[in-house]
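Visitor: I have a structure I would like to understand better, so I am pasting it below and will then ask my questions one at a time.
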Amino acid sequence: MAGEASQGTPREPATPKYLQIAGRYARAIEAGTLRPGDRLPSVRRLHAEERVSISTVMQALARLEAQGLVEARPKSGYFVRARVRAPPPQPARPARRAPSAVGVSALVARVYRAAGDPRVVQLGAAIPTSALLPARELARAIAAEARAHPEAQVDYQMPPGLPELRHQVARRALEWGCTLAADDLVITGGATEAVTLALLAVAAPGAVVAVESPTFYGTLKAIEALGLKALEIPCHPEDGMDLDELEARLDRYKVAAVVSVPNFNNPLGSCMPDLAKARLVEMLAARRIPLVEDDIFGDLAFGPVRPRAAKSWDRDGGVILCGSLSKSLAPGLRVGWAAPGRFRERFEHLKFALNMAAPTLPQRVIARVLREGGYDRHLRTLRARLREIVERVSAAVAESFPPGTRVSRPLGGCFLWVVLPGQVDTLELFTRALDAGVSIAPGAIFSPSQAHRSCIRLGCIEPWSERLDAGVRLVGRLAGRLEG
Ligand SMILES: Cc1ncc(COP(=O)(O)O)c(C=O)c1O
């Protein structure tokens, strides 16, 4: 561990103009100055009044749309949306902690066992259920590929993986702001394997890895299994990892890698602005610290714009971009990928060492769905449905949880982060809710130090129904009892 180092004045990047404009209109809507149904000034008028380019105006409107504050009506302009009910305030920033060994596995096992029980109302899981995913279309694609390529069932597809799939993923990467060739990619068994191999490639046992806090427990399990230590960096519910804090910690500790989910991270749903992504990549490149970027939720933006991957700012191959379609298409097919940058060779070697090859038929099926455009069609519907479920669950929380509860306002993804007032122990809440037939994810599993004990994550992963509504309200009532 390096000694204490002096901390310079934190650099404050100027707020981009589009965020300033969107922020002003968001405040006017929150304050009721602009009411549901009111029309916003036209794009031309904003362009003239704000003295900014048309594309800046469009970015500001896209931000408001993604926040669920306005909606575009064809040929009429942008209008303030009706809100079900003003959502509770957003969570505050978590506190600082030193690097620690990770030990969340037993707790996590309790949570995912509960999440797999069909009799239980599923607010504890984070994978859209089959009612939201195109199971029938996938079954047809599987049958067609098996017929067309019977050898896919018997042949290994050695690393780096099926060329056609890598080609299709490289094409999609343009949408993430990345120019990748098929040969830059290695196919993996889901994003989980991609992140695990990335950590194996860059961090020796005992090394310190910086993670967002709260963060996805699967990443914590990988860190635990690899004998690494986690350094928790506070994560802001809107903007993601606190980069001033990260910079100060990198000056203080020897860090082997940073793991981040910049787009709609699990569990907060935060989305790092482009300026911050660029700063993160630059900060790590200057120190030659690799960034393991998990972009598994990027496709689930509620607004029309798919956020860029931090990888798109990578100039020296230091970003290992990991992804999969597990949240948006087919978690069961277990297909993921990595663009490992300058670690490409080592990554491929480790993939081979770990399990030789990714299954061939699922790779063919995903390549087919991407090639034929079915994925994009499905994604448009899925994003709108997830947004609706998130809004409804948020409204039910506002109505049924104890006063003082805070809730995240994600712009994408499929969950809400709820901070309960007082010192409610959400492990106890988890047990009581499960006894009553509802699963939730207690905050402690999202942190190696089991911080966030008074928080829960609610998965918004099945179509809205009375059963789901009743489940949320039941958790709210139980939380109220535990608080009192
Ligand atoms: C941030 C994050 N990464 C990875 C995964 C798992 O991805 P996969 O199923 O592709 O292995 C999850 C699942 O919840 C996740 O939340």
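Ordering of the structure tokens sets the chain letters (A, B, ...); residue numbers start at 1 within each chain; ligands are numbered from 1 in the order shown.
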Got a sec: who's within 12 Å of Gly77 (chain A), counting only C-alpha atoms, leaving out chain neighbours fewer than 2 positions off, as a VMD selection string?
Guide: chain A and resid 37 to 46 58 61 65 70 to 75 79 to 80
Visitor: Residues up to 9 Å from ligand 1, counting only C-alpha atoms and all ligand atoms: could you list those as a VMD selection string?
Guide: chain A and resid 125 to 127 188 to 195 215 to 219 260 to 261 264 to 267 294 to 297 322 to 327 330 to 337
Visitor: Save out the residues we just selected, N, CA, C and O atoms, as a compact mmCIF listing (two decimals), in the first residue's frame.
Guide:
```txt
# COMPACT_ATOMS: atom_id res chain seq x y z
N ALA A 125 -34.75 -10.55 -8.03
CA ALA A 125 -33.86 -10.89 -9.14
C ALA A 125 -33.69 -9.70 -10.08
O ALA A 125 -34.41 -8.71 -9.97
N ALA A 126 -32.74 -9.83 -11.01
CA ALA A 126 -32.47 -8.70 -11.92
C ALA A 126 -32.42 -9.14 -13.37
O ALA A 126 -31.78 -8.51 -14.18
N ILE A 127 -33.10 -10.23 -13.69
CA ILE A 127 -33.12 -10.68 -15.08
C ILE A 127 -34.56 -10.67 -15.56
O ILE A 127 -35.42 -11.32 -14.95
N THR A 188 -17.38 -15.39 -24.77
CA THR A 188 -17.29 -15.97 -23.43
C THR A 188 -18.64 -16.60 -23.03
O THR A 188 -19.63 -16.44 -23.74
N GLY A 189 -18.65 -17.23 -21.88
CA GLY A 189 -19.90 -17.74 -21.31
C GLY A 189 -20.55 -16.62 -20.49
O GLY A 189 -20.39 -16.56 -19.28
N GLY A 190 -21.23 -15.71 -21.16
CA GLY A 190 -21.88 -14.59 -20.48
C GLY A 190 -20.88 -13.51 -20.07
O GLY A 190 -19.65 -13.69 -20.20
N ALA A 191 -21.43 -12.39 -19.58
CA ALA A 191 -20.57 -11.30 -19.11
C ALA A 191 -19.82 -11.71 -17.85
O ALA A 191 -18.72 -11.23 -17.57
N THR A 192 -20.41 -12.64 -17.08
CA THR A 192 -19.77 -13.08 -15.84
C THR A 192 -18.39 -13.66 -16.14
O THR A 192 -17.40 -13.31 -15.49
N GLU A 193 -18.34 -14.54 -17.15
CA GLU A 193 -17.04 -15.13 -17.47
C GLU A 193 -16.10 -14.07 -18.03
O GLU A 193 -14.89 -14.08 -17.75
N ALA A 194 -16.65 -13.13 -18.80
CA ALA A 194 -15.79 -12.08 -19.37
C ALA A 194 -15.14 -11.26 -18.26
O ALA A 194 -13.94 -11.00 -18.28
N VAL A 195 -15.94 -10.87 -17.26
CA VAL A 195 -15.39 -10.05 -16.16
C VAL A 195 -14.38 -10.88 -15.35
O VAL A 195 -13.32 -10.39 -14.97
N THR A 215 -22.32 -2.33 -5.57
CA THR A 215 -22.03 -2.95 -6.87
C THR A 215 -22.67 -4.33 -6.98
O THR A 215 -23.06 -4.92 -5.98
N PHE A 216 -22.70 -4.84 -8.21
CA PHE A 216 -23.32 -6.15 -8.50
C PHE A 216 -22.62 -7.26 -7.72
O PHE A 216 -21.40 -7.39 -7.79
N TYR A 217 -23.40 -8.07 -7.02
CA TYR A 217 -22.79 -9.08 -6.16
C TYR A 217 -22.05 -10.16 -6.93
O TYR A 217 -21.15 -10.81 -6.40
N GLY A 218 -22.39 -10.37 -8.21
CA GLY A 218 -21.68 -11.35 -9.03
C GLY A 218 -20.21 -10.94 -9.18
O GLY A 218 -19.31 -11.79 -9.13
N THR A 219 -19.98 -9.66 -9.36
CA THR A 219 -18.61 -9.16 -9.46
C THR A 219 -17.90 -9.36 -8.14
O THR A 219 -16.72 -9.75 -8.09
N SER A 260 -16.07 -1.23 -13.44
CA SER A 260 -17.18 -0.27 -13.43
C SER A 260 -18.28 -0.72 -14.39
O SER A 260 -18.01 -1.38 -15.40
N VAL A 261 -19.51 -0.37 -14.02
CA VAL A 261 -20.66 -0.58 -14.91
C VAL A 261 -21.17 0.84 -15.19
O VAL A 261 -22.09 1.32 -14.52
N PHE A 264 -26.16 2.33 -16.48
CA PHE A 264 -27.27 1.74 -15.72
C PHE A 264 -26.78 0.63 -14.81
O PHE A 264 -27.21 -0.52 -14.91
N ASN A 265 -25.89 1.00 -13.93
CA ASN A 265 -25.24 -0.05 -13.13
C ASN A 265 -26.21 -0.74 -12.19
O ASN A 265 -27.30 -0.23 -11.91
N ASN A 266 -25.80 -1.88 -11.80
CA ASN A 266 -26.58 -2.74 -10.90
C ASN A 266 -25.97 -2.58 -9.51
O ASN A 266 -24.80 -2.92 -9.36
N PRO A 267 -26.65 -2.06 -8.50
CA PRO A 267 -28.10 -1.89 -8.38
C PRO A 267 -28.62 -0.45 -8.52
O PRO A 267 -29.82 -0.26 -8.49
N ASP A 294 -18.08 -3.27 -17.59
CA ASP A 294 -19.19 -4.21 -17.80
C ASP A 294 -20.35 -3.40 -18.36
O ASP A 294 -20.94 -2.57 -17.66
N ASP A 295 -20.66 -3.63 -19.63
CA ASP A 295 -21.70 -2.81 -20.30
C ASP A 295 -22.96 -3.62 -20.58
O ASP A 295 -23.61 -3.45 -21.60
N ILE A 296 -23.30 -4.48 -19.67
CA ILE A 296 -24.40 -5.41 -19.91
C ILE A 296 -25.78 -4.73 -19.97
O ILE A 296 -26.71 -5.27 -20.57
N PHE A 297 -25.90 -3.52 -19.38
CA PHE A 297 -27.21 -2.86 -19.37
C PHE A 297 -27.34 -1.74 -20.40
O PHE A 297 -28.39 -1.10 -20.48
N CYS A 322 -16.63 -5.69 -21.41
CA CYS A 322 -17.32 -6.98 -21.28
C CYS A 322 -18.81 -6.77 -21.52
O CYS A 322 -19.35 -5.73 -21.14
N GLY A 323 -19.45 -7.74 -22.12
CA GLY A 323 -20.89 -7.59 -22.36
C GLY A 323 -21.56 -8.92 -22.64
O GLY A 323 -20.90 -9.97 -22.73
N SER A 324 -22.88 -8.87 -22.75
CA SER A 324 -23.67 -10.03 -23.16
C SER A 324 -25.08 -9.55 -23.44
O SER A 324 -25.39 -8.37 -23.23
N LEU A 325 -25.93 -10.47 -23.91
CA LEU A 325 -27.32 -10.11 -24.13
C LEU A 325 -28.21 -10.72 -23.04
O LEU A 325 -29.39 -10.93 -23.23
N SER A 326 -27.59 -11.01 -21.88
CA SER A 326 -28.34 -11.71 -20.83
C SER A 326 -29.48 -10.88 -20.25
O SER A 326 -30.46 -11.42 -19.77
N LYS A 327 -29.35 -9.56 -20.27
CA LYS A 327 -30.40 -8.73 -19.68
C LYS A 327 -31.45 -8.34 -20.71
O LYS A 327 -32.51 -7.85 -20.36
N ALA A 330 -31.35 -13.22 -23.92
CA ALA A 330 -31.34 -14.66 -23.66
C ALA A 330 -30.32 -15.04 -22.59
O ALA A 330 -29.26 -15.57 -22.92
N PRO A 331 -30.66 -14.82 -21.30
CA PRO A 331 -29.70 -15.18 -20.25
C PRO A 331 -29.34 -16.66 -20.28
O PRO A 331 -28.21 -17.04 -19.99
N GLY A 332 -30.31 -17.50 -20.71
CA GLY A 332 -30.09 -18.95 -20.67
C GLY A 332 -29.11 -19.44 -21.72
O GLY A 332 -28.59 -20.55 -21.60
N LEU A 333 -28.88 -18.67 -22.77
CA LEU A 333 -27.95 -19.14 -23.81
C LEU A 333 -26.49 -18.94 -23.41
O LEU A 333 -25.60 -19.50 -24.03
N ARG A 334 -26.26 -18.14 -22.39
CA ARG A 334 -24.92 -17.96 -21.82
C ARG A 334 -23.88 -17.54 -22.86
O ARG A 334 -22.79 -18.10 -22.95
N VAL A 335 -24.24 -16.54 -23.65
CA VAL A 335 -23.27 -16.02 -24.61
C VAL A 335 -22.88 -14.60 -24.21
O VAL A 335 -23.76 -13.77 -23.98
N GLY A 336 -21.59 -14.36 -24.10
CA GLY A 336 -21.10 -13.01 -23.82
C GLY A 336 -19.84 -12.78 -24.61
O GLY A 336 -19.48 -13.60 -25.47
N TRP A 337 -19.18 -11.65 -24.34
CA TRP A 337 -17.95 -11.36 -25.09
C TRP A 337 -17.10 -10.38 -24.30
O TRP A 337 -17.57 -9.77 -23.33
```
Visitor: Could you find all residues in region 198-281 of chain A that DSSP calls strand (DSSP E or B) from the backbone, and write them as a list in words?
Guide: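 Put together, the selection reads Val208, Val209, Ala210, Val211, Glu212, Ser213, Lys229, Ala230, Leu231, Glu232, Ile233, Pro234, Cys235, His236, Gly240, Met241, Ala257, Val258, Val259, Ser260, Asn263 and Cys271 of chain A.
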Visitor: Take the residues from that selection and put them in a file with N, CA, C and O atoms, as a PDB file, in the first residue's frame.
Guide:
```pdb
ATOM      1  N   VAL A 208      -5.542  -5.370  -5.103  1.00  0.00           N
ATOM      2  CA  VAL A 208      -6.729  -4.562  -4.789  1.00  0.00           C
ATOM      3  C   VAL A 208      -7.418  -4.147  -6.098  1.00  0.00           C
ATOM      4  O   VAL A 208      -6.774  -3.670  -7.026  1.00  0.00           O
ATOM      5  N   VAL A 209      -8.733  -4.325  -6.120  1.00  0.00           N
ATOM      6  CA  VAL A 209      -9.538  -3.930  -7.279  1.00  0.00           C
ATOM      7  C   VAL A 209     -10.562  -2.901  -6.809  1.00  0.00           C
ATOM      8  O   VAL A 209     -11.276  -3.148  -5.833  1.00  0.00           O
ATOM      9  N   ALA A 210     -10.619  -1.768  -7.471  1.00  0.00           N
ATOM     10  CA  ALA A 210     -11.609  -0.746  -7.084  1.00  0.00           C
ATOM     11  C   ALA A 210     -12.948  -1.066  -7.736  1.00  0.00           C
ATOM     12  O   ALA A 210     -12.999  -1.387  -8.932  1.00  0.00           O
ATOM     13  N   VAL A 211     -14.009  -0.997  -6.932  1.00  0.00           N
ATOM     14  CA  VAL A 211     -15.369  -1.279  -7.451  1.00  0.00           C
ATOM     15  C   VAL A 211     -16.323  -0.178  -7.010  1.00  0.00           C
ATOM     16  O   VAL A 211     -16.065   0.517  -6.025  1.00  0.00           O
ATOM     17  N   GLU A 212     -17.418  -0.040  -7.734  1.00  0.00           N
ATOM     18  CA  GLU A 212     -18.456   0.893  -7.306  1.00  0.00           C
ATOM     19  C   GLU A 212     -19.113   0.365  -6.036  1.00  0.00           C
ATOM     20  O   GLU A 212     -19.183  -0.834  -5.821  1.00  0.00           O
ATOM     21  N   SER A 213     -19.578   1.256  -5.198  1.00  0.00           N
ATOM     22  CA  SER A 213     -20.309   0.827  -4.006  1.00  0.00           C
ATOM     23  C   SER A 213     -21.623   1.609  -3.918  1.00  0.00           C
ATOM     24  O   SER A 213     -21.594   2.825  -3.856  1.00  0.00           O
ATOM     25  N   LYS A 229      -8.827  -8.229  -3.302  1.00  0.00           N
ATOM     26  CA  LYS A 229      -9.475  -7.362  -2.303  1.00  0.00           C
ATOM     27  C   LYS A 229     -10.244  -6.279  -3.039  1.00  0.00           C
ATOM     28  O   LYS A 229      -9.818  -5.824  -4.109  1.00  0.00           O
ATOM     29  N   ALA A 230     -11.363  -5.878  -2.453  1.00  0.00           N
ATOM     30  CA  ALA A 230     -12.177  -4.849  -3.105  1.00  0.00           C
ATOM     31  C   ALA A 230     -12.020  -3.519  -2.379  1.00  0.00           C
ATOM     32  O   ALA A 230     -12.040  -3.474  -1.152  1.00  0.00           O
ATOM     33  N   LEU A 231     -11.853  -2.469  -3.150  1.00  0.00           N
ATOM     34  CA  LEU A 231     -11.810  -1.112  -2.601  1.00  0.00           C
ATOM     35  C   LEU A 231     -13.080  -0.422  -3.071  1.00  0.00           C
ATOM     36  O   LEU A 231     -13.295  -0.237  -4.279  1.00  0.00           O
ATOM     37  N   GLU A 232     -13.936  -0.069  -2.125  1.00  0.00           N
ATOM     38  CA  GLU A 232     -15.241   0.486  -2.494  1.00  0.00           C
ATOM     39  C   GLU A 232     -15.150   1.979  -2.799  1.00  0.00           C
ATOM     40  O   GLU A 232     -14.704   2.761  -1.958  1.00  0.00           O
ATOM     41  N   ILE A 233     -15.589   2.346  -3.982  1.00  0.00           N
ATOM     42  CA  ILE A 233     -15.643   3.764  -4.364  1.00  0.00           C
ATOM     43  C   ILE A 233     -17.121   4.152  -4.394  1.00  0.00           C
ATOM     44  O   ILE A 233     -17.917   3.509  -5.102  1.00  0.00           O
ATOM     45  N   PRO A 234     -17.486   5.203  -3.660  1.00  0.00           N
ATOM     46  CA  PRO A 234     -18.912   5.568  -3.634  1.00  0.00           C
ATOM     47  C   PRO A 234     -19.459   5.811  -5.043  1.00  0.00           C
ATOM     48  O   PRO A 234     -18.766   6.345  -5.895  1.00  0.00           O
ATOM     49  N   CYS A 235     -20.681   5.399  -5.228  1.00  0.00           N
ATOM     50  CA  CYS A 235     -21.331   5.544  -6.535  1.00  0.00           C
ATOM     51  C   CYS A 235     -22.538   6.462  -6.357  1.00  0.00           C
ATOM     52  O   CYS A 235     -23.347   6.259  -5.440  1.00  0.00           O
ATOM     53  N   HIS A 236     -22.636   7.448  -7.218  1.00  0.00           N
ATOM     54  CA  HIS A 236     -23.746   8.399  -7.124  1.00  0.00           C
ATOM     55  C   HIS A 236     -24.936   7.857  -7.908  1.00  0.00           C
ATOM     56  O   HIS A 236     -24.757   7.295  -8.988  1.00  0.00           O
ATOM     57  N   GLY A 240     -22.973   7.866 -11.364  1.00  0.00           N
ATOM     58  CA  GLY A 240     -22.072   6.718 -11.253  1.00  0.00           C
ATOM     59  C   GLY A 240     -20.900   6.967 -10.331  1.00  0.00           C
ATOM     60  O   GLY A 240     -20.946   7.826  -9.441  1.00  0.00           O
ATOM     61  N   MET A 241     -19.820   6.186 -10.557  1.00  0.00           N
ATOM     62  CA  MET A 241     -18.658   6.198  -9.663  1.00  0.00           C
ATOM     63  C   MET A 241     -18.157   7.632  -9.420  1.00  0.00           C
ATOM     64  O   MET A 241     -18.038   8.422 -10.363  1.00  0.00           O
ATOM     65  N   ALA A 257      -6.755  -2.891 -10.800  1.00  0.00           N
ATOM     66  CA  ALA A 257      -7.767  -2.679 -11.846  1.00  0.00           C
ATOM     67  C   ALA A 257      -8.967  -1.966 -11.236  1.00  0.00           C
ATOM     68  O   ALA A 257      -9.175  -2.004 -10.020  1.00  0.00           O
ATOM     69  N   VAL A 258      -9.733  -1.324 -12.092  1.00  0.00           N
ATOM     70  CA  VAL A 258     -11.007  -0.725 -11.668  1.00  0.00           C
ATOM     71  C   VAL A 258     -12.105  -1.456 -12.426  1.00  0.00           C
ATOM     72  O   VAL A 258     -11.988  -1.662 -13.634  1.00  0.00           O
ATOM     73  N   VAL A 259     -13.156  -1.875 -11.701  1.00  0.00           N
ATOM     74  CA  VAL A 259     -14.311  -2.485 -12.376  1.00  0.00           C
ATOM     75  C   VAL A 259     -15.462  -1.491 -12.300  1.00  0.00           C
ATOM     76  O   VAL A 259     -15.768  -0.975 -11.218  1.00  0.00           O
ATOM     77  N   SER A 260     -16.070  -1.225 -13.435  1.00  0.00           N
ATOM     78  CA  SER A 260     -17.182  -0.267 -13.430  1.00  0.00           C
ATOM     79  C   SER A 260     -18.277  -0.724 -14.390  1.00  0.00           C
ATOM     80  O   SER A 260     -18.015  -1.379 -15.397  1.00  0.00           O
ATOM     81  N   ASN A 263     -22.935   2.206 -17.525  1.00  0.00           N
ATOM     82  CA  ASN A 263     -24.300   2.397 -18.039  1.00  0.00           C
ATOM     83  C   ASN A 263     -25.316   1.601 -17.228  1.00  0.00           C
ATOM     84  O   ASN A 263     -25.339   0.381 -17.276  1.00  0.00           O
ATOM     85  N   CYS A 271     -26.089   6.351 -14.600  1.00  0.00           N
ATOM     86  CA  CYS A 271     -25.462   6.365 -15.924  1.00  0.00           C
ATOM     87  C   CYS A 271     -24.429   7.490 -15.952  1.00  0.00           C
ATOM     88  O   CYS A 271     -24.771   8.659 -15.801  1.00  0.00           O
TER      89      CYS A 271
END
```
Visitor: Identify, on the basis of only C-alpha atoms, every residue whose closest approach to Pro463 (chain A) does not exceed 8 Å; exclude the query and any residue fewer than 3 positions from it along the same chain; express the result as a list in words.
Guide: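 After dropping sequence-adjacent residues, the list is Ala131, Leu132, Arg385 and Ile389 of chain A.
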Visitor: Produce a file of the selected residues containing N, CA, C and O atoms, as a compact mmCIF listing (two decimals), in the first residue's frame.
Guide:
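Heads up, here's the output in selection.txt:
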```
# COMPACT_ATOMS: atom_id res chain seq x y z
N ALA A 131 -41.60 -13.68 -19.71
CA ALA A 131 -42.73 -12.94 -20.26
C ALA A 131 -42.25 -11.69 -21.00
O ALA A 131 -42.99 -11.13 -21.83
N LEU A 132 -41.05 -11.22 -20.69
CA LEU A 132 -40.53 -10.01 -21.36
C LEU A 132 -39.51 -10.35 -22.45
O LEU A 132 -39.10 -9.47 -23.19
N ARG A 385 -41.31 -1.28 -22.09
CA ARG A 385 -42.00 -2.05 -21.04
C ARG A 385 -41.25 -1.94 -19.72
O ARG A 385 -41.87 -1.77 -18.66
N ILE A 389 -42.61 -0.52 -16.07
CA ILE A 389 -42.60 -1.30 -14.82
C ILE A 389 -41.84 -0.53 -13.74
O ILE A 389 -42.28 -0.43 -12.59
```
Visitor: Which residue, A:Leu138, A:Glu175, A:Trp313, A:Leu361, has the smallest gap to Pro150 (chain A) when you use only C-alpha atoms?
Guide: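 Between A:Leu138, A:Glu175, A:Trp313, A:Leu361, the residue approaching Pro150 (chain A) most closely is A:Leu361.
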